[in-house]
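As provided, coords.cif (mmCIF, C-alpha atoms and all ligand atoms) reads as follows.
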data_data
#
loop_
_atom_site.label_atom_id
_atom_site.label_comp_id
_atom_site.auth_asym_id
_atom_site.auth_seq_id
_atom_site.Cartn_x
_atom_site.Cartn_y
_atom_site.Cartn_z
CA MET A 3 -19.65 207.67 -144.77
CA PRO A 4 -21.84 209.30 -147.45
CA LEU A 5 -23.96 207.03 -149.63
CA LEU A 6 -23.00 208.82 -152.83
CA VAL A 7 -20.19 211.22 -153.63
CA ILE A 8 -19.94 212.80 -157.06
CA GLU A 9 -16.60 214.55 -157.41
CA ASN A 10 -15.79 217.03 -160.18
CA LEU A 11 -17.59 214.86 -162.73
CA HIS A 12 -16.95 215.60 -166.41
CA VAL A 13 -18.84 213.52 -168.95
CA GLU A 14 -18.84 213.35 -172.73
CA VAL A 15 -21.42 211.83 -175.04
CA GLU A 16 -20.19 210.95 -178.51
CA GLY A 17 -17.25 213.33 -178.08
CA LYS A 18 -19.44 216.21 -176.87
CA PRO A 19 -18.80 217.48 -173.32
CA ILE A 20 -22.10 217.56 -171.39
CA LEU A 21 -21.25 217.49 -167.68
CA LYS A 22 -18.60 220.01 -166.71
CA GLY A 23 -17.62 219.45 -163.11
CA VAL A 24 -20.60 218.19 -161.12
CA ASN A 25 -20.16 217.91 -157.33
CA LEU A 26 -22.83 216.34 -155.15
CA VAL A 27 -22.94 214.41 -151.87
CA ILE A 28 -25.95 212.35 -150.77
CA GLU A 29 -25.94 211.03 -147.21
CA LYS A 30 -28.02 208.04 -146.11
CA GLY A 31 -31.56 209.13 -145.25
CA GLN A 32 -31.50 212.15 -147.54
CA ILE A 33 -33.76 213.05 -150.44
CA HIS A 34 -32.28 215.42 -153.02
CA ALA A 35 -34.14 216.95 -155.94
CA LEU A 36 -32.34 217.87 -159.15
CA MET A 37 -33.98 220.45 -161.38
CA GLY A 38 -32.77 222.50 -164.33
CA PRO A 39 -33.56 223.49 -167.91
CA ASN A 40 -34.06 220.98 -170.73
CA GLY A 41 -30.74 219.74 -172.06
CA SER A 42 -28.75 220.81 -168.99
CA GLY A 43 -27.50 217.25 -168.42
CA LYS A 44 -29.83 215.74 -165.79
CA SER A 45 -30.46 212.49 -167.66
CA THR A 46 -26.80 212.38 -168.67
CA LEU A 47 -25.92 212.47 -164.97
CA SER A 48 -28.38 209.68 -164.15
CA TYR A 49 -27.16 207.44 -167.00
CA THR A 50 -23.55 208.10 -165.99
CA LEU A 51 -24.31 207.17 -162.37
CA LEU A 52 -25.55 203.80 -163.60
CA GLY A 53 -22.65 203.31 -166.03
CA HIS A 54 -24.35 203.54 -169.42
CA PRO A 55 -21.58 202.75 -171.95
CA LYS A 56 -22.42 205.77 -174.15
CA TYR A 57 -21.41 208.21 -171.42
CA THR A 58 -17.66 208.66 -170.97
CA VAL A 59 -16.26 210.05 -167.73
CA THR A 60 -13.31 212.20 -168.73
CA GLN A 61 -12.58 213.62 -165.25
CA GLY A 62 -13.70 213.14 -161.68
CA ARG A 63 -15.19 210.14 -159.91
CA ILE A 64 -18.26 208.53 -158.37
CA LEU A 65 -18.09 206.91 -154.93
CA PHE A 66 -20.88 204.67 -153.68
CA ASN A 67 -20.62 203.77 -149.99
CA GLY A 68 -17.00 204.85 -150.16
CA GLU A 69 -16.19 202.59 -153.07
CA ASP A 70 -15.06 204.03 -156.40
CA VAL A 71 -17.64 202.84 -158.97
CA THR A 72 -16.67 205.28 -161.75
CA ASN A 73 -15.66 202.42 -164.03
CA ALA A 74 -17.91 199.67 -162.64
CA LYS A 75 -20.30 197.81 -164.94
CA THR A 76 -24.01 198.64 -164.73
CA HIS A 77 -24.96 195.27 -163.22
CA GLU A 78 -22.26 195.67 -160.56
CA ARG A 79 -23.67 199.04 -159.57
CA ALA A 80 -27.18 197.59 -159.49
CA ARG A 81 -25.99 194.76 -157.25
CA LYS A 82 -24.44 197.27 -154.90
CA GLY A 83 -27.85 198.90 -154.56
CA MET A 84 -28.03 201.64 -157.20
CA PHE A 85 -31.25 201.95 -159.18
CA LEU A 86 -32.33 204.21 -162.04
CA SER A 87 -35.89 204.83 -163.09
CA PHE A 88 -35.72 205.93 -166.74
CA GLN A 89 -37.18 209.11 -168.14
CA TYR A 90 -38.23 207.10 -171.20
CA PRO A 91 -38.77 203.45 -170.21
CA THR A 92 -38.46 201.05 -173.13
CA ALA A 93 -40.68 198.13 -174.07
CA ILE A 94 -39.44 194.53 -173.84
CA PRO A 95 -41.76 192.56 -176.12
CA GLY A 96 -42.18 188.90 -175.19
CA VAL A 97 -41.13 189.36 -171.55
CA SER A 98 -43.91 189.58 -168.99
CA VAL A 99 -43.77 192.07 -166.16
CA ALA A 100 -43.71 189.26 -163.57
CA ASN A 101 -40.83 187.42 -165.31
CA PHE A 102 -38.90 190.61 -165.82
CA LEU A 103 -39.18 191.55 -162.15
CA ARG A 104 -38.37 188.03 -160.95
CA THR A 105 -35.25 187.92 -163.14
CA SER A 106 -34.00 191.34 -162.04
CA LEU A 107 -34.62 190.50 -158.40
CA LYS A 108 -32.74 187.22 -158.74
CA SER A 109 -29.78 188.77 -160.55
CA ILE A 110 -29.50 191.66 -158.11
CA LYS A 111 -30.18 189.94 -154.80
CA GLY A 112 -28.89 186.55 -155.98
CA ASP A 113 -30.94 184.90 -153.28
CA GLU A 114 -33.42 182.10 -153.86
CA GLY A 115 -35.21 183.09 -150.66
CA VAL A 116 -36.21 186.38 -152.24
CA VAL A 117 -37.64 184.52 -155.20
CA LYS A 118 -39.72 182.17 -153.04
CA THR A 119 -41.72 185.04 -151.61
CA PHE A 120 -41.83 186.73 -155.01
CA ARG A 121 -45.52 186.23 -155.85
CA LYS A 122 -46.77 187.42 -152.49
CA ASN A 123 -44.38 190.36 -152.53
CA LEU A 124 -45.38 191.31 -156.07
CA ARG A 125 -49.08 191.17 -155.26
CA GLU A 126 -48.55 193.32 -152.18
CA LYS A 127 -46.47 195.95 -153.99
CA MET A 128 -48.88 196.07 -156.94
CA GLY A 129 -51.69 196.59 -154.45
CA GLN A 130 -49.87 199.50 -152.84
CA LEU A 131 -49.40 201.09 -156.26
CA GLU A 132 -53.05 200.38 -157.14
CA MET A 133 -52.01 198.42 -160.23
CA ASP A 134 -54.39 195.91 -161.77
CA GLU A 135 -53.08 192.34 -161.36
CA LYS A 136 -53.41 191.88 -165.12
CA PHE A 137 -50.29 194.02 -165.57
CA ALA A 138 -48.17 191.17 -164.20
CA THR A 139 -48.89 189.05 -167.28
CA ARG A 140 -48.51 191.81 -169.86
CA TYR A 141 -45.26 192.34 -171.76
CA VAL A 142 -42.99 194.98 -170.22
CA ASN A 143 -44.13 198.46 -171.28
CA GLU A 144 -45.67 197.17 -174.51
CA GLY A 145 -48.70 199.31 -175.19
CA PHE A 146 -48.43 200.84 -171.72
CA SER A 147 -49.63 204.43 -171.42
CA GLY A 148 -47.06 207.02 -170.31
CA GLY A 149 -48.36 206.96 -166.76
CA GLU A 150 -48.48 203.14 -166.66
CA LYS A 151 -44.80 202.99 -167.66
CA LYS A 152 -43.90 205.32 -164.79
CA ARG A 153 -45.92 203.22 -162.39
CA LEU A 154 -44.07 200.10 -163.55
CA GLU A 155 -40.74 201.85 -162.89
CA THR A 156 -41.98 202.56 -159.38
CA LEU A 157 -43.04 198.93 -158.96
CA GLN A 158 -39.59 197.77 -160.04
CA MET A 159 -38.01 200.13 -157.50
CA ALA A 160 -40.36 198.90 -154.77
CA MET A 161 -39.45 195.26 -155.53
CA LEU A 162 -35.68 195.83 -155.71
CA GLU A 163 -35.51 198.09 -152.62
CA PRO A 164 -32.32 199.87 -153.76
CA LYS A 165 -30.06 201.80 -151.38
CA LEU A 166 -29.95 204.69 -153.83
CA ALA A 167 -32.86 205.41 -156.17
CA ILE A 168 -32.32 207.87 -159.01
CA LEU A 169 -35.70 208.81 -160.40
CA ASP A 170 -35.56 210.61 -163.74
CA GLU A 171 -38.82 212.50 -164.19
CA THR A 172 -40.90 209.76 -162.64
CA ASP A 173 -43.62 212.38 -162.17
CA SER A 174 -43.84 213.45 -165.82
CA GLY A 175 -47.11 212.59 -167.46
CA LEU A 176 -48.79 211.29 -164.33
CA ASP A 177 -52.40 212.18 -163.64
CA ILE A 178 -53.27 213.67 -160.25
CA ASP A 179 -54.12 210.34 -158.60
CA ALA A 180 -51.13 208.53 -160.13
CA LEU A 181 -48.81 211.27 -158.88
CA ARG A 182 -50.06 210.69 -155.33
CA ILE A 183 -49.75 206.89 -155.68
CA VAL A 184 -46.26 206.96 -157.20
CA SER A 185 -45.15 209.48 -154.55
CA GLY A 186 -46.44 207.06 -151.91
CA GLY A 187 -44.19 204.38 -153.43
CA ILE A 188 -41.18 206.70 -153.22
CA ASN A 189 -41.97 207.69 -149.64
CA ARG A 190 -42.34 204.03 -148.61
CA LEU A 191 -38.85 203.37 -149.94
CA ALA A 192 -37.32 206.37 -148.16
CA SER A 193 -35.60 205.33 -144.92
CA PRO A 194 -32.64 206.38 -142.75
CA GLU A 195 -30.53 203.81 -144.66
CA ARG A 196 -31.45 204.94 -148.17
CA GLY A 197 -30.96 207.92 -150.44
CA ILE A 198 -33.11 209.31 -153.23
CA LEU A 199 -32.19 211.59 -156.12
CA LEU A 200 -35.36 212.90 -157.67
CA ILE A 201 -35.04 214.60 -161.06
CA THR A 202 -38.05 216.74 -161.79
CA HIS A 203 -39.29 219.81 -163.65
CA TYR A 204 -42.20 220.52 -161.38
CA GLN A 205 -42.68 221.70 -157.84
CA ARG A 206 -45.90 219.61 -157.75
CA ILE A 207 -44.32 216.25 -156.78
CA LEU A 208 -42.43 218.02 -153.99
CA ASP A 209 -45.74 218.51 -152.18
CA TYR A 210 -45.75 214.71 -151.68
CA VAL A 211 -42.08 213.76 -151.64
CA ARG A 212 -40.13 216.17 -149.45
CA PRO A 213 -36.48 216.64 -150.37
CA GLN A 214 -34.15 218.37 -147.91
CA PHE A 215 -31.98 219.69 -150.73
CA ILE A 216 -32.69 221.08 -154.18
CA HIS A 217 -30.04 221.57 -156.85
CA VAL A 218 -30.26 223.31 -160.19
CA LEU A 219 -28.18 221.92 -163.03
CA VAL A 220 -27.37 224.49 -165.71
CA ALA A 221 -25.15 223.71 -168.69
CA GLY A 222 -23.55 220.69 -167.03
CA GLN A 223 -22.84 222.24 -163.64
CA ILE A 224 -24.78 222.64 -160.43
CA ALA A 225 -25.38 226.38 -160.58
CA HIS A 226 -27.39 226.70 -157.39
CA SER A 227 -28.40 224.62 -154.36
CA GLY A 228 -30.86 225.32 -151.60
CA GLY A 229 -33.55 223.98 -149.33
CA PRO A 230 -37.12 222.95 -150.18
CA GLU A 231 -38.17 226.60 -150.60
CA LEU A 232 -36.00 226.83 -153.73
CA ALA A 233 -38.49 224.80 -155.81
CA LYS A 234 -41.28 227.33 -155.19
CA GLU A 235 -38.91 230.19 -155.97
CA LEU A 236 -37.92 228.55 -159.29
CA GLU A 237 -41.56 227.92 -160.18
CA LYS A 238 -42.23 231.63 -159.70
CA LYS A 239 -39.07 233.12 -161.19
CA GLY A 240 -37.95 230.59 -163.81
CA TYR A 241 -34.30 229.68 -164.39
CA ASP A 242 -32.94 232.95 -165.77
CA TRP A 243 -31.79 234.32 -162.42
CA VAL A 244 -29.86 231.08 -161.76
CA LYS A 245 -28.33 231.12 -165.24
CA HIS A 246 -27.35 234.79 -164.99
CA PRO A 247 -26.88 235.65 -161.32
CA ALA A 248 -27.07 239.36 -160.46
CA GLY A 249 -23.67 240.95 -160.80
CA ALA A 250 -22.40 238.38 -163.30
CA ALA A 251 -21.23 239.66 -166.65
N1 LIG A 301 -26.49 210.23 -177.24
C1 LIG A 301 -26.37 211.55 -177.39
N2 LIG A 301 -25.85 212.08 -178.52
C2 LIG A 301 -25.73 213.42 -178.67
N3 LIG A 301 -26.08 214.32 -177.74
C3 LIG A 301 -26.58 213.85 -176.60
C4 LIG A 301 -26.76 212.45 -176.35
N4 LIG A 301 -27.28 212.30 -175.12
C5 LIG A 301 -27.43 213.55 -174.62
N5 LIG A 301 -27.00 214.46 -175.50
C6 LIG A 301 -27.06 215.93 -175.34
O1 LIG A 301 -26.67 216.23 -174.03
C7 LIG A 301 -27.40 217.34 -173.54
C8 LIG A 301 -28.01 216.97 -172.19
O2 LIG A 301 -29.04 216.03 -172.38
P1 LIG A 301 -29.84 215.40 -171.17
O3 LIG A 301 -30.76 214.38 -171.72
O4 LIG A 301 -28.88 214.97 -170.14
O5 LIG A 301 -30.64 216.68 -170.64
P2 LIG A 301 -31.75 216.78 -169.50
O6 LIG A 301 -31.26 217.81 -168.53
O7 LIG A 301 -32.09 215.45 -168.99
O8 LIG A 301 -32.98 217.42 -170.31
P3 LIG A 301 -34.58 217.19 -170.16
O9 LIG A 301 -35.01 218.12 -169.08
O10 LIG A 301 -35.10 217.64 -171.49
O11 LIG A 301 -34.84 215.76 -169.88
C9 LIG A 301 -28.42 217.69 -174.62
O12 LIG A 301 -27.95 218.78 -175.35
C10 LIG A 301 -28.48 216.44 -175.46
O13 LIG A 301 -28.82 216.72 -176.81
MG MG A 302 -33.77 214.29 -169.02
#
Could I get this structure in the form of structure tokens?
Ligand SMILES: Nc1ncnc2c1ncn2[C@@H]1O[C@H](COP(=O)(O)OP(=O)(O)OP(=O)(O)O)[C@@H](O)[C@H]1O
Ligand SMILES: [Mg+2]
Amino acid sequence: MPLLVIENLHVEVEGKPILKGVNLVIEKGQIHALMGPNGSGKSTLSYTLLGHPKYTVTQGRILFNGEDVTNAKTHERARKGMFLSFQYPTAIPGVSVANFLRTSLKSIKGDEGVVKTFRKNLREKMGQLEMDEKFATRYVNEGFSGGEKKRLETLQMAMLEPKLAILDETDSGLDIDALRIVSGGINRLASPERGILLITHYQRILDYVRPQFIHVLVAGQIAHSGGPELAKELEKKGYDWVKHPAGAA
């Protein structure tokens, strides 16, 4: 059974149709990359997958492990193992990174055992991501640099160990070393049991994280899909040939 099935998904935001029939299947063990021009609906798709209330599904459905989650609440989806790393992570003043992570872990895994090993686990994961221990006591994303916010998203993913990770431009704004470190975090999560949907604008991250499939979203539809070589082709040729395929009017 596929991990994720997106079937003819149509989505509106504030009455405006954005997604116009998206179809995508992610099997366990697969890494898919989603590319496409600004405003084509990539973030809309990721928010919809996690059930953001602003995004209304007007047609189609989302199946996670065979279960229809199209109308499920965000926390239900998270508990089932879906995770979204935001393109623009927000600050949570007054809540420390450690407390935030402990609370999310508890609410998602609902297991005291997980919480007992929390400190050790956190230290280990922060070490892997080469994060200074001081970050644990700082307020979530407050005053964090762009790259630090992305690293915190990766830390959250590493702690929660989701079955499906949707990463919305986790590579944007990362310096060369941070890109390698964050990619390492993504690769450590990848396993035959898990799936990853990586939204990106740049071929660069795909030198570290190797998707088997690349899709191009144009105007709310997947206009083109291919193998890893497609990213290099897009980098060279841009999106025009996908938007206006030869022979099309
Ligand atoms: N809350 C909203 N209200 C109005 N329009 C919205 C809203 N959210 C998204 N849109 C519109 O939906 C379209 C798709 O936006 P989305 O953020 O999904 O694009 P994207 O593919 O992620 O782009 P980028 O590459 O710039 O991140 C855009 O035209 C955007 O203005
Ligand atoms: Mg976006």
All residues 7 Å or closer to A:Arg196, only C-alpha atoms, same chain fewer than 3 positions away omitted, as a count of residues only = 6
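Picture a line from atom CA of A:Lys234 to atom CA of A:Ile8; it runs 25.9 Å.
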message = Using only C-alpha atoms, which protein or nucleic acid residues come within 8 Å of stretch 134-147 of chain A? Drop anything in the same chain fewer than 2 positions from it, and give the result as a VMD selection string.
response = chain A and resid 91 to 100 102 125 128 to 129 132 149 to 151 154
inquiry  = Please return as number ranges by chain the residues found within 7 Å of ligand MG 302 (chain A), counting only C-alpha atoms and all ligand atoms.
reply    = A: 40-41, 43-45, 89, 170
query = Separation of atom CA of A:Asn25 and atom CA of A:Ile224, in Å?
reply = 7.3 Å
inquiry  = Around (-35.0, 207.6, -161.0), as given in the file, which residues come within 6 Å? Count all atoms listed in the file and list them as an NGL selection string.
reply    = :A and (86-87 or 167-170)
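If you count only C-alpha atoms and draw a sphere of 12 Å around (-23.7, 202.7, -171.9), the protein and nucleic acid residues inside it come out as A:Glu14, A:Val15, A:Glu16, A:Thr46, A:Ser48, A:Tyr49, A:Thr50, A:Leu51, A:Leu52, A:Gly53, A:His54, A:Pro55, A:Lys56, A:Tyr57, A:Thr58, A:Val59, A:Asn73, A:Ala74, A:Lys75, A:Thr76, A:His77.
For the atom pair formed by atom CA of A:Ile183 and atom CA of A:Lys152, the distance is 10.9 Å, given to one decimal.
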note = The residue from A:Ile20, A:Pro213, A:Phe88, A:Val218 with the smallest atom-to-atom distance to A:Ser174, counting all atoms listed in the file, is A:Phe88
ask   = Between A:Asn123, A:Ser42, A:Asn101, A:Gln61, which one has atoms that come closest to ligand LIG 301 (chain A), using all atoms listed in the file?
value = A:Ser42
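Distance annotation: of A:Lys22, A:His12, A:Arg81, A:His246, the residue with the minimal separation from A:Lys108 is A:Arg81; atom set is all atoms listed in the file.
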Test item: residues at most 12 Å from A:Asp70, all atoms listed in the file, excluding those fewer than 3 positions along its chain, as a PyMOL selection string = chain A and resi 5-9+51+62-67+73-75+78-79+82
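Candidate residues A:Leu181, A:Val244, A:Val24, A:Leu236 were compared for distance to A:Arg206, and the nearest is A:Leu181, using all atoms listed in the file.
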Rebuild stretch 172-183 of chain A to N, CA and C atoms - output it as a PDB file, keeping the file's coordinate frame, please.
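Result file part25.pdb:
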ATOM      1  N   THR A 172     -39.883 210.760-162.912  1.00  0.00           N
ATOM      2  CA  THR A 172     -40.900 209.760-162.640  1.00  0.00           C
ATOM      3  C   THR A 172     -42.287 210.398-162.558  1.00  0.00           C
ATOM      4  N   ASP A 173     -42.329 211.693-162.307  1.00  0.00           N
ATOM      5  CA  ASP A 173     -43.620 212.380-162.170  1.00  0.00           C
ATOM      6  C   ASP A 173     -44.173 212.890-163.497  1.00  0.00           C
ATOM      7  N   SER A 174     -43.351 212.875-164.560  1.00  0.00           N
ATOM      8  CA  SER A 174     -43.840 213.450-165.820  1.00  0.00           C
ATOM      9  C   SER A 174     -44.951 212.609-166.411  1.00  0.00           C
ATOM     10  N   GLY A 175     -46.007 213.265-166.789  1.00  0.00           N
ATOM     11  CA  GLY A 175     -47.110 212.590-167.460  1.00  0.00           C
ATOM     12  C   GLY A 175     -48.045 211.834-166.550  1.00  0.00           C
ATOM     13  N   LEU A 176     -47.888 211.993-165.244  1.00  0.00           N
ATOM     14  CA  LEU A 176     -48.790 211.290-164.330  1.00  0.00           C
ATOM     15  C   LEU A 176     -50.045 212.120-164.080  1.00  0.00           C
ATOM     16  N   ASP A 177     -51.200 211.449-164.013  1.00  0.00           N
ATOM     17  CA  ASP A 177     -52.400 212.180-163.640  1.00  0.00           C
ATOM     18  C   ASP A 177     -52.359 212.456-162.135  1.00  0.00           C
ATOM     19  N   ILE A 178     -53.309 213.212-161.646  1.00  0.00           N
ATOM     20  CA  ILE A 178     -53.270 213.670-160.250  1.00  0.00           C
ATOM     21  C   ILE A 178     -53.256 212.517-159.248  1.00  0.00           C
ATOM     22  N   ASP A 179     -54.079 211.483-159.528  1.00  0.00           N
ATOM     23  CA  ASP A 179     -54.120 210.340-158.600  1.00  0.00           C
ATOM     24  C   ASP A 179     -52.840 209.523-158.691  1.00  0.00           C
ATOM     25  N   ALA A 180     -52.357 209.318-159.939  1.00  0.00           N
ATOM     26  CA  ALA A 180     -51.130 208.530-160.130  1.00  0.00           C
ATOM     27  C   ALA A 180     -49.939 209.206-159.465  1.00  0.00           C
ATOM     28  N   LEU A 181     -49.909 210.528-159.510  1.00  0.00           N
ATOM     29  CA  LEU A 181     -48.810 211.270-158.880  1.00  0.00           C
ATOM     30  C   LEU A 181     -48.783 210.979-157.375  1.00  0.00           C
ATOM     31  N   ARG A 182     -49.960 210.965-156.765  1.00  0.00           N
ATOM     32  CA  ARG A 182     -50.060 210.690-155.330  1.00  0.00           C
ATOM     33  C   ARG A 182     -49.641 209.237-155.035  1.00  0.00           C
ATOM     34  N   ILE A 183     -50.052 208.311-155.901  1.00  0.00           N
ATOM     35  CA  ILE A 183     -49.750 206.890-155.680  1.00  0.00           C
ATOM     36  C   ILE A 183     -48.259 206.607-155.861  1.00  0.00           C
TER      37      ILE A 183
END
